[in-house]
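Coordinates as given in my_file-v1.json (JSON, C-alpha atoms):
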[["chain", "number", "residue", "atom", "x", "y", "z"],
["A", 2, "MET", "CA", 152.48, 83.47, -45.13],
["A", 3, "SER", "CA", 150.05, 86.36, -44.82],
["A", 4, "ALA", "CA", 147.36, 87.33, -47.31],
["A", 5, "VAL", "CA", 148.39, 88.95, -50.59],
["A", 6, "GLN", "CA", 146.97, 92.29, -51.71],
["A", 7, "LEU", "CA", 146.51, 92.52, -55.48],
["A", 8, "PHE", "CA", 143.88, 93.86, -57.89],
["A", 9, "GLY", "CA", 142.33, 95.88, -55.11],
["A", 10, "THR", "CA", 141.43, 92.81, -53.09],
["A", 11, "SER", "CA", 142.94, 90.24, -50.74],
["A", 12, "PHE", "CA", 144.04, 86.73, -51.70],
["A", 13, "GLN", "CA", 144.14, 84.49, -48.63],
["A", 14, "ASN", "CA", 147.35, 82.88, -49.94],
["A", 15, "PRO", "CA", 149.44, 83.26, -53.10],
["A", 16, "ILE", "CA", 148.56, 79.94, -54.76],
["A", 17, "LEU", "CA", 146.34, 79.82, -57.84],
["A", 18, "LEU", "CA", 145.27, 77.02, -60.15],
["A", 19, "ALA", "CA", 146.64, 77.91, -63.58],
["A", 20, "ALA", "CA", 144.44, 78.44, -66.62],
["A", 21, "GLY", "CA", 143.65, 75.38, -68.71],
["A", 22, "THR", "CA", 144.48, 72.82, -66.05],
["A", 23, "ALA", "CA", 141.43, 72.94, -63.79],
["A", 24, "GLY", "CA", 138.59, 73.62, -66.23],
["A", 25, "PHE", "CA", 136.08, 75.74, -64.34],
["A", 26, "GLY", "CA", 136.66, 73.89, -61.09],
["A", 27, "ARG", "CA", 133.96, 71.22, -61.29],
["A", 28, "GLU", "CA", 136.31, 68.33, -62.03],
["A", 29, "LEU", "CA", 138.56, 69.08, -59.07],
["A", 30, "ASP", "CA", 135.81, 69.92, -56.60],
["A", 31, "PRO", "CA", 135.33, 66.31, -55.41],
["A", 32, "VAL", "CA", 139.10, 65.94, -54.92],
["A", 33, "ILE", "CA", 140.26, 69.13, -53.18],
["A", 34, "ASP", "CA", 138.68, 72.04, -51.34],
["A", 35, "LEU", "CA", 139.06, 74.79, -53.93],
["A", 36, "ASP", "CA", 138.28, 77.39, -51.30],
["A", 37, "LEU", "CA", 141.60, 76.69, -49.55],
["A", 38, "LEU", "CA", 143.48, 78.24, -52.48],
["A", 39, "GLY", "CA", 144.20, 81.87, -53.23],
["A", 40, "GLY", "CA", 142.16, 81.49, -56.38],
["A", 41, "ILE", "CA", 141.47, 79.71, -59.63],
["A", 42, "VAL", "CA", 142.21, 80.91, -63.16],
["A", 43, "THR", "CA", 139.55, 79.45, -65.40],
["A", 44, "LYS", "CA", 140.05, 77.67, -68.66],
["A", 45, "ALA", "CA", 140.33, 80.03, -71.61],
["A", 46, "VAL", "CA", 136.98, 81.46, -72.71],
["A", 47, "THR", "CA", 136.27, 82.37, -76.35],
["A", 48, "PRO", "CA", 133.13, 83.89, -77.86],
["A", 49, "GLU", "CA", 132.07, 80.66, -79.53],
["A", 50, "PRO", "CA", 132.22, 77.06, -78.28],
["A", 51, "ARG", "CA", 135.40, 75.33, -79.44],
["A", 52, "ARG", "CA", 135.91, 71.61, -79.81],
["A", 53, "GLY", "CA", 139.69, 71.98, -79.80],
["A", 54, "HIS", "CA", 142.33, 69.87, -81.49],
["A", 55, "PRO", "CA", 142.03, 66.16, -82.30],
["A", 56, "PRO", "CA", 143.47, 63.65, -79.82],
["A", 57, "LEU", "CA", 145.96, 63.01, -78.48],
["A", 58, "ARG", "CA", 145.91, 66.37, -76.73],
["A", 59, "VAL", "CA", 148.34, 65.72, -73.89],
["A", 60, "ALA", "CA", 151.58, 63.74, -73.90],
["A", 61, "GLU", "CA", 154.12, 63.31, -71.12],
["A", 62, "PHE", "CA", 157.85, 63.10, -71.65],
["A", 63, "ARG", "CA", 160.71, 62.90, -69.21],
["A", 64, "GLY", "CA", 161.11, 66.66, -68.92],
["A", 65, "GLY", "CA", 157.44, 67.57, -68.56],
["A", 66, "MET", "CA", 154.35, 67.62, -70.75],
["A", 67, "LEU", "CA", 153.21, 68.72, -74.18],
["A", 68, "ASN", "CA", 149.64, 69.82, -74.72],
["A", 69, "ALA", "CA", 147.62, 70.81, -77.76],
["A", 70, "VAL", "CA", 144.11, 71.21, -76.41],
["A", 71, "GLY", "CA", 143.21, 73.95, -78.86],
["A", 72, "LEU", "CA", 141.34, 76.21, -76.42],
["A", 73, "ALA", "CA", 138.42, 73.80, -76.19],
["A", 74, "ASN", "CA", 135.67, 75.46, -74.15],
["A", 75, "PRO", "CA", 131.87, 75.77, -74.12],
["A", 76, "GLY", "CA", 131.84, 79.42, -75.23],
["A", 77, "VAL", "CA", 131.17, 82.63, -73.34],
["A", 78, "GLU", "CA", 127.38, 82.29, -73.11],
["A", 79, "HIS", "CA", 127.57, 78.88, -71.45],
["A", 80, "VAL", "CA", 130.34, 80.08, -69.15],
["A", 81, "ALA", "CA", 128.32, 83.14, -68.14],
["A", 82, "GLU", "CA", 125.12, 81.21, -67.52],
["A", 83, "HIS", "CA", 126.42, 77.97, -66.01],
["A", 84, "GLU", "CA", 130.11, 77.77, -65.13],
["A", 85, "LEU", "CA", 130.70, 81.08, -63.38],
["A", 86, "PRO", "CA", 127.49, 80.95, -61.29],
["A", 87, "TRP", "CA", 128.47, 77.48, -60.08],
["A", 88, "LEU", "CA", 132.02, 78.59, -59.27],
["A", 89, "ALA", "CA", 130.85, 81.74, -57.50],
["A", 90, "HIS", "CA", 128.46, 79.68, -55.39],
["A", 91, "ARG", "CA", 131.21, 77.18, -54.56],
["A", 92, "LEU", "CA", 133.92, 79.68, -53.58],
["A", 93, "HIS", "CA", 133.70, 82.00, -50.59],
["A", 94, "ARG", "CA", 137.34, 82.95, -50.01],
["A", 95, "ALA", "CA", 139.23, 81.94, -53.16],
["A", 96, "ARG", "CA", 139.24, 84.48, -56.00],
["A", 97, "ILE", "CA", 138.15, 83.92, -59.60],
["A", 98, "LEU", "CA", 140.25, 85.04, -62.56],
["A", 99, "VAL", "CA", 138.92, 84.40, -66.07],
["A", 100, "ASN", "CA", 141.35, 83.60, -68.87],
["A", 101, "VAL", "CA", 140.26, 85.22, -72.15],
["A", 102, "ALA", "CA", 141.31, 84.12, -75.63],
["A", 103, "GLY", "CA", 140.39, 84.75, -79.23],
["A", 104, "ALA", "CA", 141.50, 85.04, -82.83],
["A", 105, "THR", "CA", 140.80, 88.78, -83.14],
["A", 106, "VAL", "CA", 140.79, 91.75, -80.81],
["A", 107, "HIS", "CA", 137.01, 91.83, -81.13],
["A", 108, "ASP", "CA", 136.84, 88.28, -79.74],
["A", 109, "TYR", "CA", 138.55, 89.37, -76.53],
["A", 110, "VAL", "CA", 136.40, 92.45, -76.22],
["A", 111, "HIS", "CA", 133.23, 90.41, -76.73],
["A", 112, "VAL", "CA", 134.12, 87.98, -73.93],
["A", 113, "ILE", "CA", 135.13, 90.76, -71.54],
["A", 114, "GLU", "CA", 132.02, 92.84, -72.20],
["A", 115, "ARG", "CA", 129.81, 89.80, -71.66],
["A", 116, "LEU", "CA", 131.49, 88.77, -68.39],
["A", 117, "THR", "CA", 132.48, 92.10, -66.81],
["A", 118, "PRO", "CA", 129.07, 92.56, -65.09],
["A", 119, "ASN", "CA", 129.69, 89.35, -63.09],
["A", 120, "ASP", "CA", 130.71, 90.57, -59.64],
["A", 121, "ALA", "CA", 132.36, 87.25, -58.80],
["A", 122, "ILE", "CA", 135.24, 87.93, -61.22],
["A", 123, "THR", "CA", 138.30, 89.47, -59.60],
["A", 124, "ALA", "CA", 140.30, 89.96, -62.82],
["A", 125, "PHE", "CA", 140.70, 88.90, -66.42],
["A", 126, "GLU", "CA", 143.83, 87.11, -67.63],
["A", 127, "ILE", "CA", 144.45, 88.08, -71.25],
["A", 128, "ASN", "CA", 146.02, 85.22, -73.17],
["A", 129, "ALA", "CA", 148.31, 87.20, -75.47],
["A", 130, "SER", "CA", 149.89, 84.04, -76.86],
["A", 131, "CYS", "CA", 146.93, 83.22, -79.11],
["A", 132, "PRO", "CA", 147.39, 83.38, -82.90],
["A", 133, "ASN", "CA", 146.26, 86.76, -84.22],
["A", 134, "THR", "CA", 144.36, 85.98, -87.42],
["A", 135, "SER", "CA", 144.22, 89.63, -88.41],
["A", 136, "ALA", "CA", 148.03, 89.82, -88.38],
["A", 137, "GLY", "CA", 148.84, 86.83, -90.53],
["A", 138, "GLY", "CA", 149.03, 84.28, -87.71],
["A", 139, "LEU", "CA", 151.42, 86.13, -85.42],
["A", 140, "GLU", "CA", 150.64, 85.88, -81.73],
["A", 141, "PHE", "CA", 149.12, 89.01, -80.21],
["A", 142, "GLY", "CA", 152.03, 89.20, -77.81],
["A", 143, "ALA", "CA", 154.73, 88.67, -80.44],
["A", 144, "GLU", "CA", 155.31, 92.34, -81.21],
["A", 145, "PRO", "CA", 154.58, 95.63, -79.41],
["A", 146, "VAL", "CA", 151.98, 97.10, -81.78],
["A", 147, "GLY", "CA", 149.74, 94.03, -81.69],
["A", 148, "LEU", "CA", 150.02, 93.69, -77.93],
["A", 149, "ALA", "CA", 149.30, 97.37, -77.38],
["A", 150, "GLU", "CA", 146.18, 97.20, -79.55],
["A", 151, "LEU", "CA", 144.91, 94.14, -77.70],
["A", 152, "VAL", "CA", 145.49, 95.46, -74.18],
["A", 153, "ARG", "CA", 144.13, 98.91, -75.04],
["A", 154, "ALA", "CA", 140.89, 97.40, -76.36],
["A", 155, "CYS", "CA", 140.53, 95.08, -73.36],
["A", 156, "ARG", "CA", 141.16, 97.98, -70.99],
["A", 157, "ARG", "CA", 138.40, 100.02, -72.61],
["A", 158, "ALA", "CA", 135.99, 97.08, -72.39],
["A", 159, "SER", "CA", 136.52, 96.18, -68.76],
["A", 160, "THR", "CA", 136.15, 97.85, -65.38],
["A", 161, "ARG", "CA", 137.94, 94.86, -63.84],
["A", 162, "PRO", "CA", 141.71, 94.48, -63.42],
["A", 163, "LEU", "CA", 143.72, 92.87, -66.23],
["A", 164, "THR", "CA", 146.75, 90.62, -66.19],
["A", 165, "VAL", "CA", 148.43, 89.80, -69.51],
["A", 166, "LYS", "CA", 149.91, 86.34, -70.03],
["A", 167, "LEU", "CA", 153.12, 86.48, -72.05],
["A", 168, "SER", "CA", 155.14, 83.86, -73.91],
["A", 169, "PRO", "CA", 158.56, 82.73, -72.59],
["A", 170, "VAL", "CA", 160.08, 82.96, -76.09],
["A", 171, "LEU", "CA", 159.79, 86.75, -76.41],
["A", 172, "PRO", "CA", 163.24, 88.31, -76.94],
["A", 173, "ASP", "CA", 162.55, 91.05, -74.37],
["A", 174, "ILE", "CA", 159.80, 90.12, -71.92],
["A", 175, "PRO", "CA", 160.23, 93.23, -69.70],
["A", 176, "ALA", "CA", 159.81, 95.49, -72.73],
["A", 177, "MET", "CA", 156.55, 93.75, -73.64],
["A", 178, "ALA", "CA", 155.41, 93.91, -70.03],
["A", 179, "GLN", "CA", 156.00, 97.66, -70.19],
["A", 180, "VAL", "CA", 153.84, 97.85, -73.32],
["A", 181, "ALA", "CA", 151.07, 96.03, -71.47],
["A", 182, "ARG", "CA", 151.41, 98.34, -68.47],
["A", 183, "ASP", "CA", 151.39, 101.47, -70.62],
["A", 184, "GLU", "CA", 148.08, 100.36, -72.16],
["A", 185, "GLY", "CA", 146.42, 99.74, -68.81],
["A", 186, "ALA", "CA", 147.36, 96.23, -67.64],
["A", 187, "ASP", "CA", 147.49, 95.84, -63.87],
["A", 188, "ALA", "CA", 149.86, 92.83, -63.91],
["A", 189, "VAL", "CA", 151.49, 90.26, -66.17],
["A", 190, "THR", "CA", 151.38, 86.49, -65.92],
["A", 191, "LEU", "CA", 154.78, 84.91, -66.57],
["A", 192, "VAL", "CA", 155.08, 82.59, -68.38],
["A", 193, "ASN", "CA", 152.89, 80.72, -70.83],
["A", 194, "THR", "CA", 153.92, 77.37, -72.30],
["A", 195, "MET", "CA", 156.85, 77.08, -74.71],
["A", 196, "PRO", "CA", 156.38, 75.66, -78.24],
["A", 197, "GLY", "CA", 157.55, 72.08, -78.61],
["A", 198, "LEU", "CA", 157.32, 69.01, -80.84],
["A", 199, "LEU", "CA", 157.81, 65.29, -80.31],
["A", 200, "ASP", "CA", 157.07, 63.07, -83.29],
["A", 201, "LYS", "CA", 153.65, 61.40, -83.25],
["A", 202, "ARG", "CA", 152.90, 62.44, -79.66],
["A", 203, "LEU", "CA", 150.04, 64.89, -80.33],
["A", 204, "GLY", "CA", 147.13, 64.90, -82.76],
["A", 205, "ASN", "CA", 147.87, 68.50, -83.71],
["A", 206, "GLY", "CA", 151.59, 67.86, -84.17],
["A", 207, "SER", "CA", 153.24, 70.57, -82.09],
["A", 208, "GLY", "CA", 152.06, 71.82, -78.72],
["A", 209, "GLY", "CA", 152.91, 73.79, -75.63],
["A", 210, "LEU", "CA", 155.64, 72.54, -73.32],
["A", 211, "SER", "CA", 154.98, 72.83, -69.60],
["A", 212, "GLY", "CA", 156.35, 71.32, -66.45],
["A", 213, "PRO", "CA", 159.73, 71.45, -64.66],
["A", 214, "ALA", "CA", 161.68, 72.81, -67.63],
["A", 215, "LEU", "CA", 159.73, 76.10, -67.47],
["A", 216, "LEU", "CA", 160.64, 76.88, -63.85],
["A", 217, "PRO", "CA", 163.96, 78.72, -64.40],
["A", 218, "MET", "CA", 162.57, 80.60, -67.40],
["A", 219, "GLY", "CA", 159.54, 81.78, -65.48],
["A", 220, "VAL", "CA", 161.58, 82.80, -62.45],
["A", 221, "LEU", "CA", 164.04, 84.73, -64.61],
["A", 222, "ALA", "CA", 161.23, 86.50, -66.48],
["A", 223, "THR", "CA", 159.61, 87.40, -63.15],
["A", 224, "ARG", "CA", 162.84, 88.83, -61.74],
["A", 225, "ARG", "CA", 163.56, 90.89, -64.86],
["A", 226, "VAL", "CA", 160.07, 92.35, -65.06],
["A", 227, "ARG", "CA", 160.07, 93.24, -61.37],
["A", 228, "GLU", "CA", 163.46, 94.93, -61.69],
["A", 229, "ARG", "CA", 162.84, 96.83, -64.92],
["A", 230, "VAL", "CA", 159.08, 97.48, -64.97],
["A", 231, "GLN", "CA", 158.17, 97.09, -61.30],
["A", 232, "MET", "CA", 154.67, 95.88, -62.06],
["A", 233, "PRO", "CA", 152.94, 92.97, -60.28],
["A", 234, "VAL", "CA", 153.63, 89.49, -61.62],
["A", 235, "ILE", "CA", 151.73, 86.21, -61.39],
["A", 236, "GLY", "CA", 154.44, 83.58, -61.67],
["A", 237, "VAL", "CA", 153.59, 80.34, -63.44],
["A", 238, "GLY", "CA", 155.56, 77.49, -64.97],
["A", 239, "GLY", "CA", 157.19, 74.41, -63.51],
["A", 240, "VAL", "CA", 156.03, 74.68, -59.89],
["A", 241, "ARG", "CA", 155.90, 71.25, -58.24],
["A", 242, "THR", "CA", 156.98, 71.96, -54.67],
["A", 243, "THR", "CA", 156.82, 74.65, -52.02],
["A", 244, "SER", "CA", 160.47, 75.38, -52.76],
["A", 245, "ASP", "CA", 159.57, 76.05, -56.42],
["A", 246, "ALA", "CA", 156.81, 78.44, -55.36],
["A", 247, "ARG", "CA", 159.26, 80.26, -53.10],
["A", 248, "GLU", "CA", 161.56, 80.76, -56.11],
["A", 249, "TYR", "CA", 158.86, 82.82, -57.81],
["A", 250, "LEU", "CA", 158.00, 84.70, -54.64],
["A", 251, "ALA", "CA", 161.67, 85.49, -54.01],
["A", 252, "ALA", "CA", 161.93, 86.80, -57.59],
["A", 253, "GLY", "CA", 159.10, 89.22, -56.85],
["A", 254, "ALA", "CA", 155.91, 87.41, -57.88],
["A", 255, "SER", "CA", 152.78, 88.39, -55.97],
["A", 256, "LEU", "CA", 150.92, 85.17, -56.79],
["A", 257, "VAL", "CA", 152.04, 81.75, -58.06],
["A", 258, "ALA", "CA", 149.92, 79.57, -60.35],
["A", 259, "ILE", "CA", 150.26, 75.79, -60.52],
["A", 260, "GLY", "CA", 149.17, 73.78, -63.55],
["A", 261, "THR", "CA", 150.94, 70.68, -64.81],
["A", 262, "ALA", "CA", 151.83, 69.42, -61.34],
["A", 263, "ALA", "CA", 148.16, 69.57, -60.41],
["A", 264, "LEU", "CA", 147.31, 67.34, -63.36],
["A", 265, "ALA", "CA", 149.66, 64.70, -61.97],
["A", 266, "ASP", "CA", 148.45, 65.19, -58.38],
["A", 267, "PRO", "CA", 145.46, 67.49, -57.82],
["A", 268, "ARG", "CA", 146.34, 67.84, -54.14],
["A", 269, "VAL", "CA", 149.66, 69.59, -54.81],
["A", 270, "PRO", "CA", 148.32, 73.20, -54.88],
["A", 271, "VAL", "CA", 146.52, 72.91, -51.53],
["A", 272, "ARG", "CA", 149.55, 71.21, -49.99],
["A", 273, "ILE", "CA", 151.85, 73.99, -51.17],
["A", 274, "ALA", "CA", 149.42, 76.66, -49.92],
["A", 275, "ARG", "CA", 149.37, 75.02, -46.49],
["A", 276, "GLU", "CA", 153.14, 74.69, -46.32],
["A", 277, "LEU", "CA", 153.60, 78.34, -47.30],
["A", 278, "SER", "CA", 151.18, 79.38, -44.55],
["A", 279, "ARG", "CA", 153.43, 77.68, -42.00],
["A", 280, "GLY", "CA", 156.26, 80.04, -42.91]]
Using structure tokens, write down the structure from this file.
Amino acid sequence: MSAVQLFGTSFQNPILLAAGTAGFGRELDPVIDLDLLGGIVTKAVTPEPRRGHPPLRVAEFRGGMLNAVGLANPGVEHVAEHELPWLAHRLHRARILVNVAGATVHDYVHVIERLTPNDAITAFEINASCPNTSAGGLEFGAEPVGLAELVRACRRASTRPLTVKLSPVLPDIPAMAQVARDEGADAVTLVNTMPGLLDKRLGNGSGGLSGPALLPMGVLATRRVRERVQMPVIGVGGVRTTSDAREYLAAGASLVAIGTAALADPRVPVRIARELSRG
């Protein structure tokens, strides 16, 4: 498979490491050659360091995985001074996308303004599934007005491309993708995890469901957005095999991100990238 053109640059292949599953690359570096991938989406970055939720944070079940990490991260200053310089030095061909999260619109803007000068960043992925504390706990992406305000502010703050990560439980994902596009988003990432609960599995109680069960939902969301909005899509959710990745690509995704499967076997993303390159 040939290189993919997106965000004004070239990705050597369509396979990304999904946000939250590869940290900032250091943990996987001894295991796989990160530079063989199309790119890496970093762990979510917030203005302040976050310890995250109490353990257990991850629990497997027969249909996939639940996680309640709680956006644990070292904060934007540490990321800017330590994580991104290391990643930029390590990667020569793979692209860097930074996932951005927060509790208020100002949080997102702060992270973007701090990191935008870093030339190593190809794009920001806006996590619109975070609780919006200024709107009574609703997620930013739960309704059009909140999403529009968030994307508009991020667009003003950044000279870099934006992709907006949307929840699979939205009643009309293409309509919300259109809102994101109208406010300046260059792409959408479909889909985020789905809320789930299994008794006594996670320290936080409920968490985000990922893994094989998300595959048909993500593929459907990708197809509908491509048909109705015709904006670029990064497909994510449930990819374990090259065949799964091809489902997203056939539905119209430009890039495909792999997360949960890489936790089980870190070599899966590189293997899928190689198999796709063979045609």
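Relative to atom CA of Ala23 of chain A, atom CA of Gly253 of chain A is found at 25.0 Å.
The closest residue to Pro172 of chain A, picked from A:Ala222, A:Val146, A:Pro217, A:Gly185 and counting only C-alpha atoms, is A:Ala222.
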May I ask which of the residues A:Glu84, A:Asp36, A:Glu144, A:Glu61 is the closest one to Ala181 of chain A, counting only C-alpha atoms?
->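 Using only C-alpha atoms, Ala181 of chain A sits closest to A:Glu144.
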Residue nearest Arg157 of chain A - candidates A:Val42, A:Val110, A:Ile174, A:Ala81, atoms counted: all atoms listed in the file | A:Val110
Which of A:Ala73, A:Val106, A:Leu171, A:Ala89 sits closest to Ile127 of chain A [using all atoms listed in the file] |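 Result for the nearest residue to Ile127 of chain A: A:Val106.
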Hey, can you check how far atom CA of Leu210 of chain A sits from atom CA of Asn68 of chain A?
->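 So the answer is 6.7 Å.
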Need to verify the contact set: Leu35 of chain A, 9 Å, all atoms listed in the file, exclusion of same-chain residues closer than 2 positions in sequence. Can you return it as an mmCIF file with C-alpha atoms, keeping the file's coordinate frame?
data_model
loop_
_atom_site.group_PDB
_atom_site.id
_atom_site.type_symbol
_atom_site.label_atom_id
_atom_site.label_comp_id
_atom_site.auth_asym_id
_atom_site.auth_seq_id
_atom_site.Cartn_x
_atom_site.Cartn_y
_atom_site.Cartn_z
ATOM 1 C CA GLY A 26 136.660 73.890 -61.090
ATOM 2 C CA LEU A 29 138.560 69.080 -59.070
ATOM 3 C CA ASP A 30 135.810 69.920 -56.600
ATOM 4 C CA VAL A 32 139.100 65.940 -54.920
ATOM 5 C CA ILE A 33 140.260 69.130 -53.180
ATOM 6 C CA LEU A 37 141.600 76.690 -49.550
ATOM 7 C CA LEU A 38 143.480 78.240 -52.480
ATOM 8 C CA GLY A 39 144.200 81.870 -53.230
ATOM 9 C CA GLY A 40 142.160 81.490 -56.380
ATOM 10 C CA ILE A 41 141.470 79.710 -59.630
ATOM 11 C CA ARG A 91 131.210 77.180 -54.560
ATOM 12 C CA LEU A 92 133.920 79.680 -53.580
ATOM 13 C CA ALA A 95 139.230 81.940 -53.160
ATOM 14 C CA VAL A 271 146.520 72.910 -51.530
#
From the list A:Ile122, A:Ala178, A:Leu88, A:Val269, the nearest residue to Glu28 of chain A using all atoms listed in the file is A:Leu88
Write out as an NGL selection string each polymer residue whose atoms come within 8 Å of Glu276 of chain A, counting all atoms listed in the file; drop sequence neighbours fewer than 4 positions from it.
-> :A and (243 or 272 or 280)
Between A:Thr117, A:Thr105, A:Ser159, A:Thr223, which is the closest to Pro175 of chain A once you count all atoms listed in the file?
->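 Looking at the shortest contact to Pro175 of chain A, the residue is A:Thr223.
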If you count only C-alpha atoms, which residues fall within 9 Å of segment 228-232 of chain A, apart from same-chain ones fewer than 2 positions away, as an NGL selection string?
-> :A and (175-176 or 178-179 or 182 or 187-189 or 223-226 or 234 or 253)
Find the residues around Cys155 of chain A up to 10 Å (all atoms listed in the file counted), leave out those fewer than 4 positions away in its own chain, and share them as a VMD selection string.
-> chain A and resid 101 106 to 107 109 to 114 125 127 149 to 151 159 to 161 163 184 to 186
Long-range neighbours of segment 236-241 of chain A as a list in words, 8 Å cut-off, only C-alpha atoms, 4 positions minimum in chain = Ala19, Thr190, Leu191, Val192, Asn193, Thr194, Ser211, Gly212, Pro213, Ala214, Leu215, Leu216, Gly219, Val220, Thr223, Asp245, Ala246, Tyr249, Leu250, Ala254, Ser255, Leu256, Val257, Ala258, Ile259, Gly260, Thr261, Ala262 and Val269 of chain A
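Distance-wise, atom CA of Met66 of chain A and atom CA of Gly209 of chain A end up 8.0 Å apart.
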